[in-house]
>>> print(open('entry36.pdb').read())   # PDB, C-alpha atoms
ATOM      1  CA  MET A 207     -42.467 -53.641  13.823
ATOM      2  CA  PRO A 208     -41.453 -55.847  10.858
ATOM      3  CA  ALA A 209     -39.177 -54.263   8.264
ATOM      4  CA  HIS A 210     -40.519 -53.555   4.807
ATOM      5  CA  ILE A 211     -39.670 -56.429   2.432
ATOM      6  CA  PRO A 212     -38.096 -55.050  -0.780
ATOM      7  CA  PRO A 213     -40.264 -56.317  -3.657
ATOM      8  CA  VAL A 214     -38.965 -58.041  -6.776
ATOM      9  CA  SER A 215     -40.097 -55.063  -8.811
ATOM     10  CA  ASN A 216     -37.252 -55.013 -11.316
ATOM     11  CA  PRO A 217     -36.130 -58.466 -12.541
ATOM     12  CA  THR A 218     -32.848 -57.135 -13.964
ATOM     13  CA  PRO A 219     -29.270 -57.485 -12.670
ATOM     14  CA  ASP A 220     -29.333 -53.854 -11.508
ATOM     15  CA  GLY A 221     -32.647 -54.262  -9.723
ATOM     16  CA  ALA A 222     -31.692 -57.567  -8.095
ATOM     17  CA  PHE A 223     -28.356 -56.190  -6.906
ATOM     18  CA  LEU A 224     -30.043 -53.115  -5.409
ATOM     19  CA  ARG A 225     -32.506 -55.433  -3.645
ATOM     20  CA  LEU A 226     -29.595 -57.333  -2.085
ATOM     21  CA  LEU A 227     -28.024 -54.071  -0.898
ATOM     22  CA  ASN A 228     -31.323 -52.988   0.655
ATOM     23  CA  VAL A 229     -31.862 -56.331   2.402
ATOM     24  CA  LEU A 230     -28.345 -56.328   3.819
ATOM     25  CA  ASP A 231     -28.648 -52.702   4.973
ATOM     26  CA  THR A 232     -31.790 -53.663   6.901
ATOM     27  CA  LEU A 233     -30.188 -56.751   8.432
ATOM     28  CA  ARG A 234     -27.083 -54.809   9.423
ATOM     29  CA  THR A 235     -29.129 -52.236  11.328
ATOM     30  CA  GLN A 236     -31.839 -54.479  12.803
ATOM     31  CA  CYS A 237     -30.636 -58.091  13.188
ATOM     32  CA  PRO A 238     -28.660 -58.791  16.426
ATOM     33  CA  TRP A 239     -26.404 -61.343  14.664
ATOM     34  CA  ASP A 240     -25.691 -59.212  11.595
ATOM     35  CA  LYS A 241     -24.971 -56.163  13.761
ATOM     36  CA  LYS A 242     -22.144 -57.998  15.546
ATOM     37  CA  GLN A 243     -20.285 -59.273  12.491
ATOM     38  CA  THR A 244     -16.837 -58.002  11.497
ATOM     39  CA  MET A 245     -14.570 -58.851   8.587
ATOM     40  CA  GLU A 246     -12.708 -61.215  10.902
ATOM     41  CA  THR A 247     -15.830 -63.066  12.062
ATOM     42  CA  LEU A 248     -17.083 -63.412   8.478
ATOM     43  CA  ARG A 249     -13.751 -64.647   7.096
ATOM     44  CA  HIS A 250     -14.052 -68.339   8.025
ATOM     45  CA  LEU A 251     -17.700 -68.375   6.935
ATOM     46  CA  THR A 252     -16.716 -66.992   3.526
ATOM     47  CA  ILE A 253     -14.113 -69.724   3.146
ATOM     48  CA  GLU A 254     -16.757 -72.321   4.011
ATOM     49  CA  GLU A 255     -19.196 -70.868   1.464
ATOM     50  CA  THR A 256     -16.481 -70.919  -1.199
ATOM     51  CA  TYR A 257     -15.830 -74.610  -0.569
ATOM     52  CA  GLU A 258     -19.554 -75.318  -0.748
ATOM     53  CA  LEU A 259     -19.642 -73.570  -4.134
ATOM     54  CA  SER A 260     -16.667 -75.673  -5.206
ATOM     55  CA  ASP A 261     -18.480 -78.879  -4.194
ATOM     56  CA  ALA A 262     -21.571 -77.863  -6.150
ATOM     57  CA  ILE A 263     -19.459 -77.161  -9.250
ATOM     58  CA  LEU A 264     -17.748 -80.555  -9.056
ATOM     59  CA  ASP A 265     -21.153 -82.232  -8.588
ATOM     60  CA  GLY A 266     -22.525 -80.361 -11.609
ATOM     61  CA  ASP A 267     -25.565 -79.319  -9.543
ATOM     62  CA  MET A 268     -26.715 -76.078 -11.214
ATOM     63  CA  GLN A 269     -29.416 -75.296  -8.666
ATOM     64  CA  GLU A 270     -26.918 -75.686  -5.837
ATOM     65  CA  ILE A 271     -24.383 -73.562  -7.746
ATOM     66  CA  LYS A 272     -26.999 -70.808  -8.050
ATOM     67  CA  LYS A 273     -27.693 -70.939  -4.309
ATOM     68  CA  GLU A 274     -24.021 -70.927  -3.325
ATOM     69  CA  LEU A 275     -23.245 -68.042  -5.709
ATOM     70  CA  GLY A 276     -25.900 -66.051  -3.867
ATOM     71  CA  ASP A 277     -24.298 -66.856  -0.518
ATOM     72  CA  VAL A 278     -20.857 -65.788  -1.747
ATOM     73  CA  MET A 279     -22.301 -62.609  -3.284
ATOM     74  CA  MET A 280     -23.964 -61.749   0.028
ATOM     75  CA  HIS A 281     -20.638 -62.083   1.825
ATOM     76  CA  LEU A 282     -18.902 -59.774  -0.649
ATOM     77  CA  VAL A 283     -21.580 -57.133  -0.194
ATOM     78  CA  PHE A 284     -21.347 -57.561   3.593
ATOM     79  CA  TYR A 285     -17.597 -56.813   3.580
ATOM     80  CA  ALA A 286     -18.189 -53.676   1.515
ATOM     81  CA  ARG A 287     -20.935 -52.568   3.908
ATOM     82  CA  ILE A 288     -18.588 -52.931   6.895
ATOM     83  CA  ALA A 289     -15.870 -50.967   5.067
ATOM     84  CA  LYS A 290     -18.399 -48.225   4.313
ATOM     85  CA  GLU A 291     -19.214 -47.947   8.025
ATOM     86  CA  GLN A 292     -15.487 -47.513   8.665
ATOM     87  CA  GLN A 293     -15.368 -44.836   5.937
ATOM     88  CA  GLN A 294     -12.793 -46.838   3.971
ATOM     89  CA  PHE A 295     -14.687 -47.669   0.751
ATOM     90  CA  ASP A 296     -18.106 -48.836  -0.432
ATOM     91  CA  ILE A 297     -19.493 -51.335  -2.924
ATOM     92  CA  THR A 298     -19.361 -48.742  -5.728
ATOM     93  CA  ASP A 299     -15.618 -48.310  -5.157
ATOM     94  CA  VAL A 300     -15.185 -52.095  -5.218
ATOM     95  CA  LEU A 301     -17.038 -52.543  -8.508
ATOM     96  CA  ASN A 302     -15.388 -49.574 -10.215
ATOM     97  CA  GLY A 303     -12.006 -50.776  -8.976
ATOM     98  CA  VAL A 304     -12.325 -54.215 -10.506
ATOM     99  CA  CYS A 305     -13.667 -52.739 -13.762
ATOM    100  CA  ASP A 306     -10.686 -50.383 -13.963
ATOM    101  CA  LYS A 307      -8.304 -53.295 -13.323
ATOM    102  CA  LEU A 308      -9.895 -55.489 -15.981
ATOM    103  CA  ILE A 309      -9.739 -52.700 -18.549
ATOM    104  CA  SER A 310      -6.103 -51.864 -17.794
ATOM    105  CA  ARG A 311      -5.064 -55.544 -17.884
ATOM    106  CA  HIS A 312      -6.770 -56.211 -21.207
ATOM    107  CA  PRO A 313      -4.978 -53.792 -23.548
ATOM    108  CA  HIS A 314      -5.541 -56.316 -26.356
ATOM    109  CA  ILE A 315      -9.263 -55.528 -25.998
ATOM    110  CA  TYR A 316      -9.308 -51.899 -24.832
ATOM    111  CA  GLY A 317      -6.007 -50.790 -26.403
ATOM    112  CA  ASP A 318      -3.670 -51.524 -29.287
ATOM    113  CA  VAL A 319      -1.684 -54.460 -27.861
ATOM    114  CA  GLU A 320      -1.648 -57.694 -29.904
ATOM    115  CA  ALA A 321      -2.619 -60.919 -28.111
ATOM    116  CA  ASP A 322      -4.165 -63.648 -30.227
ATOM    117  CA  THR A 323      -3.660 -66.633 -27.905
ATOM    118  CA  GLU A 324      -4.479 -67.488 -24.309
ATOM    119  CA  GLU A 325      -0.763 -67.798 -23.548
ATOM    120  CA  GLN A 326      -0.036 -64.275 -24.821
ATOM    121  CA  VAL A 327      -2.858 -62.920 -22.667
ATOM    122  CA  LYS A 328      -1.408 -64.601 -19.546
ATOM    123  CA  GLN A 329       2.087 -63.243 -20.276
ATOM    124  CA  ASN A 330       0.755 -59.718 -20.771
ATOM    125  CA  TRP A 331      -1.218 -60.021 -17.533
ATOM    126  CA  GLU A 332       1.869 -60.856 -15.459
ATOM    127  CA  LYS A 333       3.952 -58.103 -17.083
ATOM    128  CA  LEU A 334       1.241 -55.534 -16.332
ATOM    129  CA  LYS A 335       1.066 -56.652 -12.699
ATOM    130  CA  LEU A 336       4.811 -56.055 -12.338
ATOM    131  CA  LYS A 337       4.413 -52.590 -13.856
ATOM    132  CA  GLU A 338       1.662 -51.883 -11.315
ATOM    133  CA  GLY A 339       4.155 -52.351  -8.507
ATOM    134  CA  ASN A 340       4.230 -56.066  -7.695
ATOM    135  CA  LYS A 341       7.780 -56.890  -6.600
ATOM    136  CA  SER A 342       7.508 -60.541  -7.624
ATOM    137  CA  VAL A 343       5.535 -62.533 -10.163
ATOM    138  CA  LEU A 344       4.641 -64.872  -7.301
ATOM    139  CA  ALA A 345       3.435 -62.079  -5.001
ATOM    140  CA  GLY A 346      -0.146 -62.626  -6.158
ATOM    141  CA  VAL A 347      -0.272 -66.212  -4.840
ATOM    142  CA  PRO A 348      -2.026 -66.137  -1.421
ATOM    143  CA  THR A 349       0.090 -67.676   1.334
ATOM    144  CA  SER A 350      -2.964 -69.371   2.877
ATOM    145  CA  LEU A 351      -3.922 -71.331  -0.256
ATOM    146  CA  PRO A 352      -4.054 -75.132   0.185
ATOM    147  CA  ALA A 353      -0.675 -76.541  -0.850
ATOM    148  CA  LEU A 354      -1.938 -78.398  -3.939
ATOM    149  CA  VAL A 355      -3.706 -75.327  -5.312
ATOM    150  CA  LYS A 356      -0.734 -73.135  -4.419
ATOM    151  CA  ALA A 357       1.683 -75.395  -6.332
ATOM    152  CA  SER A 358      -0.489 -75.113  -9.428
ATOM    153  CA  ARG A 359      -0.793 -71.322  -9.160
ATOM    154  CA  ILE A 360       2.964 -70.885  -8.596
ATOM    155  CA  GLN A 361       3.703 -72.863 -11.754
ATOM    156  CA  GLU A 362       1.120 -70.920 -13.778
ATOM    157  CA  LYS A 363       2.595 -67.613 -12.604
ATOM    158  CA  ALA A 364       6.132 -68.700 -13.515
ATOM    159  CA  ARG A 365       4.944 -69.851 -16.933
ATOM    160  CA  GLY A 366       3.436 -66.395 -17.481
ATOM    161  CA  VAL A 367       6.940 -64.909 -17.701
ATOM    162  CA  GLY A 368       8.432 -67.762 -19.709
ATOM    163  CA  PHE A 369       9.931 -69.856 -16.890
ATOM    164  CA  ASP A 370       8.697 -73.288 -17.887
ATOM    165  CA  TRP A 371       9.509 -76.547 -19.635
ATOM    166  CA  GLU A 372       9.154 -76.645 -23.395
ATOM    167  CA  GLU A 373       7.788 -80.183 -23.840
ATOM    168  CA  LYS A 374       5.604 -82.368 -21.631
ATOM    169  CA  GLN A 375       8.062 -85.253 -22.113
ATOM    170  CA  GLN A 376      10.657 -83.196 -20.223
ATOM    171  CA  VAL A 377       8.191 -82.780 -17.374
ATOM    172  CA  TRP A 378       7.453 -86.496 -17.251
ATOM    173  CA  GLU A 379      11.171 -87.251 -17.114
ATOM    174  CA  LYS A 380      11.319 -84.921 -14.104
ATOM    175  CA  VAL A 381       8.461 -86.862 -12.472
ATOM    176  CA  GLU A 382      10.357 -90.130 -12.931
ATOM    177  CA  GLU A 383      13.551 -88.529 -11.605
ATOM    178  CA  GLU A 384      11.747 -87.278  -8.483
ATOM    179  CA  LEU A 385      10.107 -90.683  -7.985
ATOM    180  CA  GLN A 386      13.491 -92.396  -8.000
ATOM    181  CA  GLU A 387      14.889 -89.840  -5.539
ATOM    182  CA  PHE A 388      11.923 -90.397  -3.232
ATOM    183  CA  LYS A 389      12.353 -94.173  -3.432
ATOM    184  CA  ALA A 390      16.044 -93.770  -2.612
ATOM    185  CA  GLU A 391      15.298 -91.736   0.513
ATOM    186  CA  PHE A 392      12.471 -94.036   1.497
ATOM    187  CA  ASN A 393      14.776 -97.080   1.310
ATOM    188  CA  ILE A 394      12.024 -99.126  -0.268
ATOM    189  CA  ASP A 395      14.260-102.144  -0.924
ATOM    190  CA  SER A 396      16.058-102.241   2.410
ATOM    191  CA  ASN A 397      15.451-102.214   6.126
ATOM    192  CA  GLN A 398      17.665 -99.208   6.841
ATOM    193  CA  GLN A 399      16.286 -96.433   9.017
ATOM    194  CA  ILE A 400      14.417 -93.764   7.054
ATOM    195  CA  ASP A 401      15.431 -90.114   7.233
ATOM    196  CA  ALA A 402      11.883 -88.793   7.621
ATOM    197  CA  GLU A 403      12.802 -85.177   6.892
ATOM    198  CA  LYS A 404      14.578 -86.001   3.627
ATOM    199  CA  ALA A 405      11.832 -88.436   2.590
ATOM    200  CA  GLU A 406       9.219 -85.739   3.188
ATOM    201  CA  ALA A 407      11.211 -83.243   1.102
ATOM    202  CA  GLU A 408      11.529 -85.701  -1.779
ATOM    203  CA  PHE A 409       7.829 -86.552  -1.578
ATOM    204  CA  GLY A 410       7.067 -82.827  -1.818
ATOM    205  CA  ASP A 411       9.279 -82.572  -4.911
ATOM    206  CA  LEU A 412       7.479 -85.559  -6.431
ATOM    207  CA  LEU A 413       4.051 -84.023  -5.821
ATOM    208  CA  PHE A 414       5.204 -80.678  -7.242
ATOM    209  CA  SER A 415       6.448 -82.373 -10.420
ATOM    210  CA  LEU A 416       3.177 -84.309 -10.784
ATOM    211  CA  VAL A 417       1.220 -81.062 -10.483
ATOM    212  CA  ASN A 418       3.489 -79.639 -13.165
ATOM    213  CA  TYR A 419       2.781 -82.546 -15.510
ATOM    214  CA  ALA A 420      -0.953 -82.290 -14.851
ATOM    215  CA  ARG A 421      -0.798 -78.652 -15.941
ATOM    216  CA  PHE A 422       0.928 -79.645 -19.187
ATOM    217  CA  VAL A 423      -1.861 -82.091 -20.041
ATOM    218  CA  ASP A 424      -4.653 -79.695 -18.983
ATOM    219  CA  ILE A 425      -5.655 -81.528 -15.804
ATOM    220  CA  ASN A 426      -6.582 -79.464 -12.755
ATOM    221  CA  PRO A 427      -4.878 -81.410  -9.936
ATOM    222  CA  GLU A 428      -7.195 -80.070  -7.230
ATOM    223  CA  ASN A 429     -10.297 -81.126  -9.170
ATOM    224  CA  ALA A 430      -8.760 -84.478 -10.039
ATOM    225  CA  LEU A 431      -7.883 -85.312  -6.431
ATOM    226  CA  GLU A 432     -11.250 -84.140  -5.092
ATOM    227  CA  LYS A 433     -13.099 -86.298  -7.635
ATOM    228  CA  THR A 434     -10.995 -89.260  -6.496
ATOM    229  CA  ASN A 435     -11.843 -88.411  -2.867
ATOM    230  CA  LYS A 436     -15.549 -88.403  -3.692
ATOM    231  CA  LYS A 437     -15.216 -91.680  -5.597
ATOM    232  CA  PHE A 438     -13.422 -93.329  -2.662
ATOM    233  CA  ILE A 439     -16.046 -92.065  -0.190
ATOM    234  CA  LYS A 440     -18.896 -93.431  -2.310
ATOM    235  CA  ARG A 441     -17.244 -96.852  -2.668
ATOM    236  CA  PHE A 442     -16.266 -97.055   0.990
ATOM    237  CA  GLN A 443     -19.776 -96.162   2.108
ATOM    238  CA  TYR A 444     -21.117 -98.918  -0.160
ATOM    239  CA  LEU A 445     -18.700-101.287   1.575
ATOM    240  CA  GLU A 446     -19.989-100.166   4.987
ATOM    241  CA  ILE A 447     -23.631-100.671   3.950
ATOM    242  CA  LYS A 448     -22.980-104.166   2.560
ATOM    243  CA  ALA A 449     -21.003-105.174   5.635
ATOM    244  CA  LYS A 450     -23.860-104.035   7.868
ATOM    245  CA  GLU A 451     -26.402-105.919   5.737
ATOM    246  CA  SER A 452     -24.348-109.093   6.196
ATOM    247  CA  GLY A 453     -24.268-108.561   9.956
ATOM    248  CA  LYS A 454     -20.522-107.919  10.103
ATOM    249  CA  ALA A 455     -18.352-105.079  11.406
ATOM    250  CA  LEU A 456     -15.634-103.825   9.038
ATOM    251  CA  GLN A 457     -12.908-104.318  11.610
ATOM    252  CA  ASP A 458     -13.847-108.012  11.856
ATOM    253  CA  MET A 459     -13.696-108.623   8.095
ATOM    254  CA  THR A 460     -10.656-109.772   6.165
ATOM    255  CA  LEU A 461      -9.295-107.706   3.296
ATOM    256  CA  ALA A 462     -10.415-110.429   0.914
ATOM    257  CA  GLU A 463     -13.990-110.124   2.183
ATOM    258  CA  MET A 464     -13.868-106.333   1.876
ATOM    259  CA  ASP A 465     -12.489-106.586  -1.656
ATOM    260  CA  VAL A 466     -15.615-108.438  -2.792
ATOM    261  CA  TYR A 467     -17.822-105.486  -1.896
ATOM    262  CA  TRP A 468     -15.218-102.976  -3.064
ATOM    263  CA  ASN A 469     -15.162-104.536  -6.522
ATOM    264  CA  GLU A 470     -18.966-104.481  -6.568
ATOM    265  CA  ALA A 471     -18.859-100.755  -5.788
ATOM    266  CA  LYS A 472     -16.399-100.153  -8.636
ATOM    267  CA  LYS A 473     -18.866-101.691 -11.103
ATOM    268  CA  LEU A 474     -21.731 -99.413 -10.040
TER
END
>>> encode(input="entry36.pdb", output="structure tokens")
Amino acid sequence: MPAHIPPVSNPTPDGAFLRLLNVLDTLRTQCPWDKKQTMETLRHLTIEETYELSDAILDGDMQEIKKELGDVMMHLVFYARIAKEQQQFDITDVLNGVCDKLISRHPHIYGDVEADTEEQVKQNWEKLKLKEGNKSVLAGVPTSLPALVKASRIQEKARGVGFDWEEKQQVWEKVEEELQEFKAEFNIDSNQQIDAEKAEAEFGDLLFSLVNYARFVDINPENALEKTNKKFIKRFQYLEIKAKESGKALQDMTLAEMDVYWNEAKKL
């Protein structure tokens, strides 16, 4: 017998959220797939949904953002439902917990602490986290973050307690220093054998310093690189289409021939 479909009787945030809880409760008890899911089986799907939301944000597609937000929200409710079954916590505990944390970490709003700038807010945030029991300022950076995002978060956390450069010119000088060190290890002007391990280490230092400079000039390095990825994909696919239209395979074309189409793609 089909389950009762919860109506859209209350078009408010409270009503819509309750509708989601009711739908998920029904699926969890009646759908063979939903019954089998655990936090572990959902984990990789949640990561995928988060990346899809990220893509929609970079594309500026508001309808897609709305859809992906719903998917992520469903996952969050699903985790809470599983925890409730295990008698660990429920969605009410989750929501109250985050509200309590936000209130306690915003004493400049809910208390008598002074914080008139974004930087002061960030510094207060990190100090409060240490008071709450974090052993390190960097403890809140997930170990499984992609390396580029992790580098940015590490630097932001360190800045929160005052460990940072004072001027962006200092950071750029560090970029140039790291570039020279990488070139030295890479033996760019000679035919000597490369020490791959040292070259990799210097390249890592160079990337880290570039991320640092990007932060100083308010560029999100992850967003910047992903936009470049998308731009390259679009231009390369144009190149593939034009090559096919001319009856040629890319591997049979010269670089000069490819450059003609590549430059056309850049003008689009």
>>> resolve_selection(input="entry36.pdb", expression="the PyMOL selection byres ((chain A and resi 305-320) around 10)", output="list in words")
Asp299, Val300, Leu301, Asn302, Gly303, Val304, Ala321, Asp322, Thr323, Gln326, Val327, Lys328, Asn330, Trp331, Glu332, Lys333, Leu334 and Lys335 of chain A
>>> resolve_selection(input="entry36.pdb", expression="the PyMOL selection byres ((chain A and resi 408-412) around 7)", output="PDB file with C-alpha atoms, in the coordinates of the input")
ATOM      1  CA  VAL A 381       8.461 -86.862 -12.472  1.00  0.00           C
ATOM      2  CA  GLU A 384      11.747 -87.278  -8.483  1.00  0.00           C
ATOM      3  CA  LEU A 385      10.107 -90.683  -7.985  1.00  0.00           C
ATOM      4  CA  GLU A 387      14.889 -89.840  -5.539  1.00  0.00           C
ATOM      5  CA  PHE A 388      11.923 -90.397  -3.232  1.00  0.00           C
ATOM      6  CA  LYS A 404      14.578 -86.001   3.627  1.00  0.00           C
ATOM      7  CA  ALA A 405      11.832 -88.436   2.590  1.00  0.00           C
ATOM      8  CA  GLU A 406       9.219 -85.739   3.188  1.00  0.00           C
ATOM      9  CA  ALA A 407      11.211 -83.243   1.102  1.00  0.00           C
ATOM     10  CA  LEU A 413       4.051 -84.023  -5.821  1.00  0.00           C
ATOM     11  CA  PHE A 414       5.204 -80.678  -7.242  1.00  0.00           C
ATOM     12  CA  SER A 415       6.448 -82.373 -10.420  1.00  0.00           C
ATOM     13  CA  LEU A 416       3.177 -84.309 -10.784  1.00  0.00           C
TER      14      LEU A 416
END
>>> closest_residue(input="entry36.pdb", among="A:Phe438, A:Tyr257, A:Phe284, A:Phe295", to="A:Thr232", atoms="only C-alpha atoms")
A:Phe284
>>> residues_around(input="entry36.pdb", residues="A:Glu470", least_positions_apart="5", cutoff="9 Å", atoms="only C-alpha atoms", output="ChimeraX atom specification")
/A:441,444-445,465
>>> closest_residue(input="entry36.pdb", among="A:Arg249, A:Ser350, A:Asp267, A:Val283", to="A:Leu230", atoms="all atoms listed in the file")
A:Val283
>>> build_atoms(input="entry36.pdb", residues="stretch 305-318 of chain A", atoms="N, CA, C and O atoms", output="PDB file, keeping the file's coordinate frame")
ATOM      1  N   CYS A 305     -13.482 -53.080 -12.343  1.00  0.00           N
ATOM      2  CA  CYS A 305     -13.667 -52.739 -13.762  1.00  0.00           C
ATOM      3  C   CYS A 305     -12.428 -52.035 -14.312  1.00  0.00           C
ATOM      4  O   CYS A 305     -11.949 -52.346 -15.411  1.00  0.00           O
ATOM      5  N   ASP A 306     -11.890 -51.099 -13.537  1.00  0.00           N
ATOM      6  CA  ASP A 306     -10.686 -50.383 -13.963  1.00  0.00           C
ATOM      7  C   ASP A 306      -9.521 -51.354 -14.158  1.00  0.00           C
ATOM      8  O   ASP A 306      -8.754 -51.240 -15.122  1.00  0.00           O
ATOM      9  N   LYS A 307      -9.403 -52.327 -13.233  1.00  0.00           N
ATOM     10  CA  LYS A 307      -8.304 -53.295 -13.323  1.00  0.00           C
ATOM     11  C   LYS A 307      -8.454 -54.174 -14.561  1.00  0.00           C
ATOM     12  O   LYS A 307      -7.473 -54.424 -15.284  1.00  0.00           O
ATOM     13  N   LEU A 308      -9.666 -54.639 -14.814  1.00  0.00           N
ATOM     14  CA  LEU A 308      -9.895 -55.489 -15.981  1.00  0.00           C
ATOM     15  C   LEU A 308      -9.611 -54.750 -17.282  1.00  0.00           C
ATOM     16  O   LEU A 308      -9.031 -55.317 -18.216  1.00  0.00           O
ATOM     17  N   ILE A 309      -9.998 -53.488 -17.343  1.00  0.00           N
ATOM     18  CA  ILE A 309      -9.739 -52.700 -18.549  1.00  0.00           C
ATOM     19  C   ILE A 309      -8.243 -52.491 -18.754  1.00  0.00           C
ATOM     20  O   ILE A 309      -7.718 -52.668 -19.859  1.00  0.00           O
ATOM     21  N   SER A 310      -7.537 -52.142 -17.665  1.00  0.00           N
ATOM     22  CA  SER A 310      -6.103 -51.864 -17.794  1.00  0.00           C
ATOM     23  C   SER A 310      -5.301 -53.122 -18.110  1.00  0.00           C
ATOM     24  O   SER A 310      -4.257 -53.048 -18.759  1.00  0.00           O
ATOM     25  N   ARG A 311      -5.791 -54.298 -17.652  1.00  0.00           N
ATOM     26  CA  ARG A 311      -5.064 -55.544 -17.884  1.00  0.00           C
ATOM     27  C   ARG A 311      -5.493 -56.268 -19.159  1.00  0.00           C
ATOM     28  O   ARG A 311      -5.040 -57.370 -19.430  1.00  0.00           O
ATOM     29  N   HIS A 312      -6.366 -55.648 -19.919  1.00  0.00           N
ATOM     30  CA  HIS A 312      -6.770 -56.211 -21.207  1.00  0.00           C
ATOM     31  C   HIS A 312      -6.535 -55.199 -22.327  1.00  0.00           C
ATOM     32  O   HIS A 312      -7.464 -54.831 -23.054  1.00  0.00           O
ATOM     33  N   PRO A 313      -5.275 -54.766 -22.486  1.00  0.00           N
ATOM     34  CA  PRO A 313      -4.978 -53.792 -23.548  1.00  0.00           C
ATOM     35  C   PRO A 313      -5.199 -54.361 -24.944  1.00  0.00           C
ATOM     36  O   PRO A 313      -5.319 -53.608 -25.903  1.00  0.00           O
ATOM     37  N   HIS A 314      -5.259 -55.703 -25.057  1.00  0.00           N
ATOM     38  CA  HIS A 314      -5.541 -56.316 -26.356  1.00  0.00           C
ATOM     39  C   HIS A 314      -7.023 -56.180 -26.714  1.00  0.00           C
ATOM     40  O   HIS A 314      -7.404 -56.444 -27.855  1.00  0.00           O
ATOM     41  N   ILE A 315      -7.846 -55.776 -25.752  1.00  0.00           N
ATOM     42  CA  ILE A 315      -9.263 -55.528 -25.998  1.00  0.00           C
ATOM     43  C   ILE A 315      -9.558 -54.030 -25.997  1.00  0.00           C
ATOM     44  O   ILE A 315     -10.246 -53.513 -26.889  1.00  0.00           O
ATOM     45  N   TYR A 316      -9.015 -53.323 -25.000  1.00  0.00           N
ATOM     46  CA  TYR A 316      -9.308 -51.899 -24.832  1.00  0.00           C
ATOM     47  C   TYR A 316      -8.164 -50.997 -25.298  1.00  0.00           C
ATOM     48  O   TYR A 316      -8.203 -49.795 -25.090  1.00  0.00           O
ATOM     49  N   GLY A 317      -7.132 -51.574 -25.911  1.00  0.00           N
ATOM     50  CA  GLY A 317      -6.007 -50.790 -26.403  1.00  0.00           C
ATOM     51  C   GLY A 317      -5.513 -51.338 -27.723  1.00  0.00           C
ATOM     52  O   GLY A 317      -6.255 -51.983 -28.467  1.00  0.00           O
ATOM     53  N   ASP A 318      -4.218 -51.115 -27.987  1.00  0.00           N
ATOM     54  CA  ASP A 318      -3.670 -51.524 -29.287  1.00  0.00           C
ATOM     55  C   ASP A 318      -2.621 -52.631 -29.175  1.00  0.00           C
ATOM     56  O   ASP A 318      -1.829 -52.846 -30.075  1.00  0.00           O
TER      57      ASP A 318
END
